[in-house]
>>> print(open('target_23.cif').read())   # mmCIF, N, CA and C atoms
data_final
#
loop_
_atom_site.label_atom_id
_atom_site.label_comp_id
_atom_site.auth_asym_id
_atom_site.auth_seq_id
_atom_site.Cartn_x
_atom_site.Cartn_y
_atom_site.Cartn_z
N MET A 29 18.20 142.53 75.31
CA MET A 29 18.07 142.73 76.75
C MET A 29 18.87 141.68 77.51
N GLN A 30 18.69 140.43 77.14
CA GLN A 30 19.39 139.35 77.85
C GLN A 30 20.90 139.51 77.73
N THR A 31 21.36 139.84 76.55
CA THR A 31 22.80 139.99 76.34
C THR A 31 23.35 141.14 77.18
N LEU A 32 22.64 142.26 77.21
CA LEU A 32 23.09 143.39 78.02
C LEU A 32 23.15 143.03 79.50
N CYS A 33 22.14 142.31 79.98
CA CYS A 33 22.13 141.90 81.39
C CYS A 33 23.26 140.92 81.68
N GLU A 34 23.54 140.02 80.74
CA GLU A 34 24.64 139.08 80.94
C GLU A 34 25.98 139.80 80.94
N MET A 35 26.13 140.78 80.07
CA MET A 35 27.36 141.57 80.05
C MET A 35 27.52 142.31 81.39
N MET A 36 26.44 142.90 81.86
CA MET A 36 26.48 143.63 83.13
C MET A 36 26.86 142.68 84.26
N ALA A 37 26.27 141.50 84.28
CA ALA A 37 26.59 140.52 85.32
C ALA A 37 28.05 140.11 85.25
N GLY A 38 28.56 139.94 84.05
CA GLY A 38 29.97 139.58 83.89
C GLY A 38 30.90 140.67 84.38
N LEU A 39 30.56 141.92 84.10
CA LEU A 39 31.38 143.04 84.58
C LEU A 39 31.36 143.15 86.10
N VAL A 40 30.18 143.04 86.67
CA VAL A 40 30.05 143.16 88.13
C VAL A 40 30.70 141.97 88.83
N GLY A 41 30.50 140.77 88.28
CA GLY A 41 31.03 139.56 88.91
C GLY A 41 32.49 139.28 88.64
N GLY A 42 33.09 140.02 87.71
CA GLY A 42 34.51 139.83 87.43
C GLY A 42 34.83 138.85 86.33
N ALA A 43 33.83 138.21 85.74
CA ALA A 43 34.08 137.27 84.64
C ALA A 43 34.53 138.02 83.38
N ILE A 44 34.11 139.26 83.26
CA ILE A 44 34.55 140.14 82.17
C ILE A 44 35.36 141.25 82.82
N THR A 45 36.60 141.38 82.40
CA THR A 45 37.46 142.39 83.02
C THR A 45 37.51 143.66 82.18
N GLY A 46 37.83 144.73 82.83
CA GLY A 46 37.95 146.02 82.17
C GLY A 46 38.51 147.04 83.14
N PRO A 47 38.60 148.27 82.68
CA PRO A 47 39.12 149.32 83.56
C PRO A 47 38.20 149.56 84.77
N ASP A 48 38.74 150.22 85.77
CA ASP A 48 37.94 150.56 86.95
C ASP A 48 36.67 151.29 86.53
N ASP A 49 35.60 150.98 87.19
CA ASP A 49 34.28 151.60 86.97
C ASP A 49 33.69 151.31 85.59
N CYS A 50 34.20 150.30 84.89
CA CYS A 50 33.63 149.99 83.58
C CYS A 50 32.19 149.48 83.72
N ASP A 51 31.85 148.84 84.84
CA ASP A 51 30.48 148.41 85.06
C ASP A 51 29.56 149.62 85.21
N ARG A 52 30.00 150.64 85.92
CA ARG A 52 29.24 151.87 86.09
C ARG A 52 29.02 152.55 84.73
N ASP A 53 30.08 152.63 83.94
CA ASP A 53 29.98 153.25 82.62
C ASP A 53 29.06 152.46 81.69
N PHE A 54 29.17 151.13 81.73
CA PHE A 54 28.33 150.27 80.89
C PHE A 54 26.86 150.45 81.27
N PHE A 55 26.59 150.45 82.56
CA PHE A 55 25.21 150.63 83.03
C PHE A 55 24.65 151.98 82.55
N ALA A 56 25.42 153.03 82.74
CA ALA A 56 24.97 154.37 82.36
C ALA A 56 24.73 154.48 80.86
N LYS A 57 25.60 153.90 80.08
CA LYS A 57 25.52 154.04 78.62
C LYS A 57 24.49 153.12 77.98
N HIS A 58 24.38 151.89 78.47
CA HIS A 58 23.59 150.89 77.77
C HIS A 58 22.29 150.46 78.46
N LEU A 59 22.10 150.78 79.72
CA LEU A 59 20.90 150.32 80.42
C LEU A 59 20.10 151.45 81.07
N ALA A 60 20.77 152.34 81.75
CA ALA A 60 20.08 153.33 82.58
C ALA A 60 19.10 154.21 81.80
N THR A 61 19.37 154.44 80.54
CA THR A 61 18.53 155.37 79.77
C THR A 61 17.16 154.81 79.40
N TRP A 62 17.00 153.49 79.42
CA TRP A 62 15.74 152.93 78.93
C TRP A 62 15.19 151.76 79.75
N VAL A 63 15.99 151.13 80.58
CA VAL A 63 15.58 149.87 81.18
C VAL A 63 14.40 150.03 82.15
N ARG A 64 14.31 151.15 82.85
CA ARG A 64 13.17 151.35 83.75
C ARG A 64 11.87 151.37 82.98
N ARG A 65 11.83 152.09 81.86
CA ARG A 65 10.61 152.14 81.04
C ARG A 65 10.22 150.76 80.54
N PHE A 66 11.24 149.96 80.17
CA PHE A 66 10.97 148.60 79.70
C PHE A 66 10.24 147.80 80.77
N PHE A 67 10.76 147.82 82.00
CA PHE A 67 10.14 147.03 83.06
C PHE A 67 8.78 147.59 83.48
N VAL A 68 8.60 148.90 83.44
CA VAL A 68 7.28 149.49 83.73
C VAL A 68 6.27 149.01 82.70
N ASP A 69 6.66 149.02 81.43
CA ASP A 69 5.77 148.51 80.37
C ASP A 69 5.46 147.03 80.58
N LEU A 70 6.48 146.27 80.94
CA LEU A 70 6.29 144.83 81.16
C LEU A 70 5.35 144.58 82.33
N GLU A 71 5.38 145.43 83.33
CA GLU A 71 4.47 145.30 84.48
C GLU A 71 3.01 145.36 84.05
N ARG A 72 2.73 146.03 82.97
CA ARG A 72 1.35 146.19 82.50
C ARG A 72 0.83 144.98 81.73
N ALA A 73 1.66 144.00 81.53
CA ALA A 73 1.23 142.80 80.81
C ALA A 73 0.09 142.11 81.56
N THR A 74 -0.91 141.71 80.83
CA THR A 74 -2.04 141.03 81.48
C THR A 74 -2.00 139.53 81.24
N ARG A 75 -1.41 139.11 80.18
CA ARG A 75 -1.33 137.67 79.87
C ARG A 75 0.03 137.34 79.30
N PRO A 76 0.69 136.37 79.75
CA PRO A 76 0.49 135.75 81.05
C PRO A 76 0.94 136.67 82.17
N VAL A 77 0.37 136.49 83.32
CA VAL A 77 0.64 137.32 84.49
C VAL A 77 2.11 137.25 84.89
N PHE A 78 2.76 136.16 84.55
CA PHE A 78 4.18 135.98 84.86
C PHE A 78 4.99 137.21 84.44
N TYR A 79 4.72 137.76 83.26
CA TYR A 79 5.51 138.88 82.75
C TYR A 79 5.30 140.15 83.58
N ALA A 80 4.12 140.34 84.11
CA ALA A 80 3.88 141.48 84.99
C ALA A 80 4.74 141.36 86.25
N ARG A 81 4.87 140.16 86.76
CA ARG A 81 5.69 139.93 87.95
C ARG A 81 7.17 140.17 87.64
N VAL A 82 7.61 139.71 86.48
CA VAL A 82 8.99 139.94 86.06
C VAL A 82 9.23 141.45 85.92
N GLY A 83 8.26 142.16 85.37
CA GLY A 83 8.36 143.61 85.24
C GLY A 83 8.51 144.29 86.59
N SER A 84 7.72 143.87 87.56
CA SER A 84 7.81 144.45 88.91
C SER A 84 9.18 144.21 89.53
N LEU A 85 9.63 142.98 89.45
CA LEU A 85 10.93 142.63 90.01
C LEU A 85 12.04 143.41 89.31
N GLY A 86 12.00 143.44 87.99
CA GLY A 86 13.02 144.15 87.23
C GLY A 86 13.03 145.64 87.52
N ARG A 87 11.85 146.24 87.63
CA ARG A 87 11.76 147.67 87.92
C ARG A 87 12.40 148.00 89.27
N VAL A 88 12.07 147.20 90.28
CA VAL A 88 12.63 147.43 91.61
C VAL A 88 14.14 147.21 91.62
N PHE A 89 14.57 146.14 90.98
CA PHE A 89 16.01 145.85 90.93
C PHE A 89 16.77 146.97 90.23
N MET A 90 16.25 147.45 89.12
CA MET A 90 16.94 148.52 88.40
C MET A 90 16.90 149.84 89.17
N ALA A 91 15.86 150.07 89.95
CA ALA A 91 15.83 151.27 90.80
C ALA A 91 16.94 151.20 91.84
N ILE A 92 17.15 150.02 92.39
CA ILE A 92 18.23 149.83 93.37
C ILE A 92 19.59 150.03 92.71
N GLU A 93 19.77 149.45 91.53
CA GLU A 93 21.03 149.60 90.80
C GLU A 93 21.30 151.05 90.44
N THR A 94 20.27 151.74 89.98
CA THR A 94 20.43 153.14 89.60
C THR A 94 20.84 153.97 90.81
N GLU A 95 20.21 153.72 91.94
CA GLU A 95 20.59 154.44 93.16
C GLU A 95 22.02 154.10 93.58
N ALA A 96 22.38 152.84 93.52
CA ALA A 96 23.73 152.42 93.92
C ALA A 96 24.79 153.08 93.04
N TYR A 97 24.53 153.16 91.75
CA TYR A 97 25.50 153.78 90.85
C TYR A 97 25.50 155.30 90.94
N SER A 98 24.54 155.88 91.63
CA SER A 98 24.54 157.34 91.80
C SER A 98 25.50 157.78 92.89
N PHE A 99 25.94 156.85 93.73
CA PHE A 99 26.91 157.18 94.78
C PHE A 99 28.29 157.32 94.15
N PRO A 100 29.12 158.18 94.74
CA PRO A 100 30.49 158.32 94.21
C PRO A 100 31.24 156.99 94.29
N ALA A 101 32.10 156.77 93.31
CA ALA A 101 32.86 155.51 93.26
C ALA A 101 33.93 155.46 94.32
#
>>> encode(input="target_23.cif", output="C-alpha coordinates")
Amino acid sequence: MQTLCEMMAGLVGGAITGPDDCDRDFFAKHLATWVRRFFVDLERATRPVFYARVGSLGRVFMAIETEAYSFPA
(Lines of atoms letter the chains of each structure in order from A and count residues from 1; the text may use other names and numbers.)
(Lines give C-alpha, C1' and ligand atoms only; values in the text may rest on other atoms or scores of the structure.)
Protein backbone atom coordinates (compact mmCIF):
# COMPACT_ATOMS: atom_id res chain seq x y z
CA MET A 1 0.00 0.00 0.00
CA GLN A 2 2.69 2.48 1.00
CA THR A 3 4.73 1.80 -2.12
CA LEU A 4 1.71 2.25 -4.39
CA CYS A 5 0.83 5.55 -2.70
CA GLU A 6 4.43 6.75 -2.99
CA MET A 7 4.48 5.83 -6.68
CA MET A 8 1.21 7.69 -7.20
CA ALA A 9 2.58 10.75 -5.38
CA GLY A 10 5.71 10.65 -7.52
CA LEU A 11 3.68 10.49 -10.73
CA VAL A 12 1.35 13.31 -9.71
CA GLY A 13 4.16 15.48 -8.31
CA GLY A 14 6.49 14.97 -11.26
CA ALA A 15 9.29 13.19 -9.39
CA ILE A 16 8.53 10.12 -11.52
CA THR A 17 8.12 10.90 -15.19
CA GLY A 18 6.13 9.05 -17.78
CA PRO A 19 3.79 9.50 -20.70
CA ASP A 20 0.81 11.84 -20.48
CA ASP A 21 -1.93 10.54 -18.20
CA CYS A 22 0.32 7.85 -16.73
CA ASP A 23 -0.89 8.89 -13.25
CA ARG A 24 -4.50 8.33 -14.35
CA ASP A 25 -3.61 4.92 -15.80
CA PHE A 26 -1.63 3.93 -12.70
CA PHE A 27 -4.50 4.91 -10.42
CA ALA A 28 -7.04 2.99 -12.50
CA LYS A 29 -4.91 -0.14 -12.77
CA HIS A 30 -3.32 -0.36 -9.32
CA LEU A 31 -5.51 1.52 -6.82
CA ALA A 32 -9.05 2.25 -7.98
CA THR A 33 -10.17 -1.39 -8.00
CA TRP A 34 -9.57 -2.06 -4.30
CA VAL A 35 -8.40 0.96 -2.30
CA ARG A 36 -11.88 2.15 -1.27
CA ARG A 37 -12.69 -1.25 0.28
CA PHE A 38 -9.36 -1.17 2.12
CA PHE A 39 -10.12 2.17 3.76
CA VAL A 40 -13.73 1.20 4.55
CA ASP A 41 -12.42 -1.91 6.32
CA LEU A 42 -9.81 0.17 8.13
CA GLU A 43 -12.56 2.54 9.33
CA ARG A 44 -14.06 -0.37 11.26
CA ALA A 45 -10.95 -0.80 13.39
CA THR A 46 -11.74 -0.46 17.07
CA ARG A 47 -8.24 -0.60 18.52
CA PRO A 48 -6.36 1.59 18.25
CA VAL A 49 -8.89 4.22 17.21
CA PHE A 50 -6.15 5.93 15.20
CA TYR A 51 -6.63 3.40 12.37
CA ALA A 52 -10.34 4.13 12.11
CA ARG A 53 -9.50 7.81 11.63
CA VAL A 54 -6.90 6.96 8.98
CA GLY A 55 -9.54 4.82 7.26
CA SER A 56 -12.02 7.71 7.22
CA LEU A 57 -9.48 10.14 5.84
CA GLY A 58 -8.25 7.67 3.24
CA ARG A 59 -11.77 6.78 2.12
CA VAL A 60 -12.71 10.43 1.60
CA PHE A 61 -9.42 11.24 -0.14
CA MET A 62 -9.77 8.29 -2.51
CA ALA A 63 -13.38 9.25 -3.28
CA ILE A 64 -12.14 12.69 -4.30
CA GLU A 65 -9.34 11.19 -6.41
CA THR A 66 -11.72 8.75 -8.08
CA GLU A 67 -14.09 11.58 -8.97
CA ALA A 68 -11.24 13.77 -10.23
CA TYR A 69 -9.95 11.01 -12.50
CA SER A 70 -13.45 10.41 -13.87
CA PHE A 71 -13.32 13.79 -15.64
CA PRO A 72 -11.94 13.84 -19.19
CA ALA A 73 -8.22 14.54 -19.38
>>> atom_distance(input="target_23.cif", atom1="atom N of Trp62 in chain A", atom2="CA of Asp48 in chain A")
22.4 Å
>>> residues_around(input="target_23.cif", residues="range 30-36 of chain A", least_positions_apart="2", cutoff="10 Å", atoms="only C-alpha atoms", output="PyMOL selection string")
chain A and resi 38-44+50-52+54-55+58-59
>>> residues_around(input="target_23.cif", residues="Thr94 in chain A", least_positions_apart="3", cutoff="10 Å", atoms="only C-alpha atoms", output="list in words")
Arg52, Phe55, Ala56, Leu59, Ala60, Arg64, Val88, Phe89, Met90, Ala91, Tyr97, Ser98 and Phe99 of chain A
>>> atom_distance(input="target_23.cif", atom1="atom N of Ala101 in chain A", atom2="CA of Asp53 in chain A")
11.5 Å
>>> select_by_dssp(input="target_23.cif", residues="chain A", states="alpha helix (DSSP H)", output="PyMOL selection string")
chain A and resi 30-41+50-58+63-71+77-98
>>> atom_distance(input="target_23.cif", atom1="atom N of Lys57 in chain A", atom2="CA of Phe78 in chain A")
28.3 Å
>>> axis_aligned_box(input="target_23.cif", around="range 45-57 of chain A", padding_each_side="3 Å", output="AutoDock Vina command-line options")
--center_x 31.8 --center_y 147.9 --center_z 82.6 --size_x 20.6 --size_y 19.1 --size_z 15.2
>>> residues_around(input="target_23.cif", residues="Gly83 in chain A", least_positions_apart="4", cutoff="6.5 Å", atoms="only N, CA and C atoms", output="ChimeraX atom specification")
/A:66-71,78-79,87-88
>>> decode(input="target_23.cif", residues="range 37-54 of chain A", atoms="N, CA, C and O atoms", output="PDB file, in the first residue's frame")
ATOM      1  N   ALA A  37       2.134   9.390  -5.729  1.00  0.00           N
ATOM      2  CA  ALA A  37       2.576  10.745  -5.379  1.00  0.00           C
ATOM      3  C   ALA A  37       3.699  11.204  -6.301  1.00  0.00           C
ATOM      4  O   ALA A  37       3.724  12.365  -6.727  1.00  0.00           O
ATOM      5  N   GLY A  38       4.610  10.307  -6.616  1.00  0.00           N
ATOM      6  CA  GLY A  38       5.706  10.653  -7.521  1.00  0.00           C
ATOM      7  C   GLY A  38       5.217  10.982  -8.918  1.00  0.00           C
ATOM      8  O   GLY A  38       5.712  11.915  -9.563  1.00  0.00           O
ATOM      9  N   LEU A  39       4.241  10.217  -9.401  1.00  0.00           N
ATOM     10  CA  LEU A  39       3.684  10.487 -10.730  1.00  0.00           C
ATOM     11  C   LEU A  39       2.945  11.819 -10.768  1.00  0.00           C
ATOM     12  O   LEU A  39       3.109  12.607 -11.699  1.00  0.00           O
ATOM     13  N   VAL A  40       2.136  12.066  -9.759  1.00  0.00           N
ATOM     14  CA  VAL A  40       1.354  13.308  -9.714  1.00  0.00           C
ATOM     15  C   VAL A  40       2.270  14.515  -9.505  1.00  0.00           C
ATOM     16  O   VAL A  40       2.092  15.566 -10.127  1.00  0.00           O
ATOM     17  N   GLY A  41       3.266  14.364  -8.629  1.00  0.00           N
ATOM     18  CA  GLY A  41       4.157  15.481  -8.312  1.00  0.00           C
ATOM     19  C   GLY A  41       5.269  15.719  -9.311  1.00  0.00           C
ATOM     20  O   GLY A  41       5.962  16.731  -9.243  1.00  0.00           O
ATOM     21  N   GLY A  42       5.464  14.785 -10.241  1.00  0.00           N
ATOM     22  CA  GLY A  42       6.490  14.974 -11.259  1.00  0.00           C
ATOM     23  C   GLY A  42       7.841  14.387 -10.926  1.00  0.00           C
ATOM     24  O   GLY A  42       8.755  14.448 -11.752  1.00  0.00           O
ATOM     25  N   ALA A  43       8.009  13.807  -9.744  1.00  0.00           N
ATOM     26  CA  ALA A  43       9.289  13.194  -9.392  1.00  0.00           C
ATOM     27  C   ALA A  43       9.536  11.927 -10.212  1.00  0.00           C
ATOM     28  O   ALA A  43      10.682  11.557 -10.464  1.00  0.00           O
ATOM     29  N   ILE A  44       8.459  11.281 -10.628  1.00  0.00           N
ATOM     30  CA  ILE A  44       8.534  10.121 -11.518  1.00  0.00           C
ATOM     31  C   ILE A  44       7.894  10.552 -12.827  1.00  0.00           C
ATOM     32  O   ILE A  44       6.739  10.990 -12.850  1.00  0.00           O
ATOM     33  N   THR A  45       8.649  10.454 -13.903  1.00  0.00           N
ATOM     34  CA  THR A  45       8.125  10.901 -15.191  1.00  0.00           C
ATOM     35  C   THR A  45       7.597   9.729 -15.999  1.00  0.00           C
ATOM     36  O   THR A  45       7.984   8.583 -15.793  1.00  0.00           O
ATOM     37  N   GLY A  46       6.713  10.044 -16.901  1.00  0.00           N
ATOM     38  CA  GLY A  46       6.132   9.047 -17.782  1.00  0.00           C
ATOM     39  C   GLY A  46       5.294   9.728 -18.835  1.00  0.00           C
ATOM     40  O   GLY A  46       5.215  10.953 -18.890  1.00  0.00           O
ATOM     41  N   PRO A  47       4.642   8.922 -19.654  1.00  0.00           N
ATOM     42  CA  PRO A  47       3.793   9.504 -20.695  1.00  0.00           C
ATOM     43  C   PRO A  47       2.611  10.272 -20.103  1.00  0.00           C
ATOM     44  O   PRO A  47       2.271  10.096 -18.929  1.00  0.00           O
ATOM     45  N   ASP A  48       2.000  11.102 -20.924  1.00  0.00           N
ATOM     46  CA  ASP A  48       0.814  11.843 -20.485  1.00  0.00           C
ATOM     47  C   ASP A  48      -0.226  10.883 -19.921  1.00  0.00           C
ATOM     48  O   ASP A  48      -0.427   9.785 -20.447  1.00  0.00           O
ATOM     49  N   ASP A  49      -0.870  11.302 -18.870  1.00  0.00           N
ATOM     50  CA  ASP A  49      -1.934  10.542 -18.198  1.00  0.00           C
ATOM     51  C   ASP A  49      -1.459   9.238 -17.562  1.00  0.00           C
ATOM     52  O   ASP A  49      -2.271   8.377 -17.238  1.00  0.00           O
ATOM     53  N   CYS A  50      -0.156   9.075 -17.365  1.00  0.00           N
ATOM     54  CA  CYS A  50       0.315   7.846 -16.728  1.00  0.00           C
ATOM     55  C   CYS A  50      -0.162   7.768 -15.277  1.00  0.00           C
ATOM     56  O   CYS A  50      -0.394   6.672 -14.764  1.00  0.00           O
ATOM     57  N   ASP A  51      -0.360   8.909 -14.612  1.00  0.00           N
ATOM     58  CA  ASP A  51      -0.894   8.887 -13.252  1.00  0.00           C
ATOM     59  C   ASP A  51      -2.331   8.374 -13.254  1.00  0.00           C
ATOM     60  O   ASP A  51      -2.711   7.561 -12.399  1.00  0.00           O
ATOM     61  N   ARG A  52      -3.122   8.786 -14.218  1.00  0.00           N
ATOM     62  CA  ARG A  52      -4.504   8.328 -14.353  1.00  0.00           C
ATOM     63  C   ARG A  52      -4.532   6.814 -14.603  1.00  0.00           C
ATOM     64  O   ARG A  52      -5.302   6.086 -13.983  1.00  0.00           O
ATOM     65  N   ASP A  53      -3.674   6.349 -15.498  1.00  0.00           N
ATOM     66  CA  ASP A  53      -3.615   4.918 -15.803  1.00  0.00           C
ATOM     67  C   ASP A  53      -3.152   4.106 -14.599  1.00  0.00           C
ATOM     68  O   ASP A  53      -3.687   3.041 -14.308  1.00  0.00           O
ATOM     69  N   PHE A  54      -2.144   4.615 -13.886  1.00  0.00           N
ATOM     70  CA  PHE A  54      -1.630   3.925 -12.705  1.00  0.00           C
ATOM     71  C   PHE A  54      -2.718   3.815 -11.638  1.00  0.00           C
ATOM     72  O   PHE A  54      -2.913   2.753 -11.047  1.00  0.00           O
TER      73      PHE A  54
END
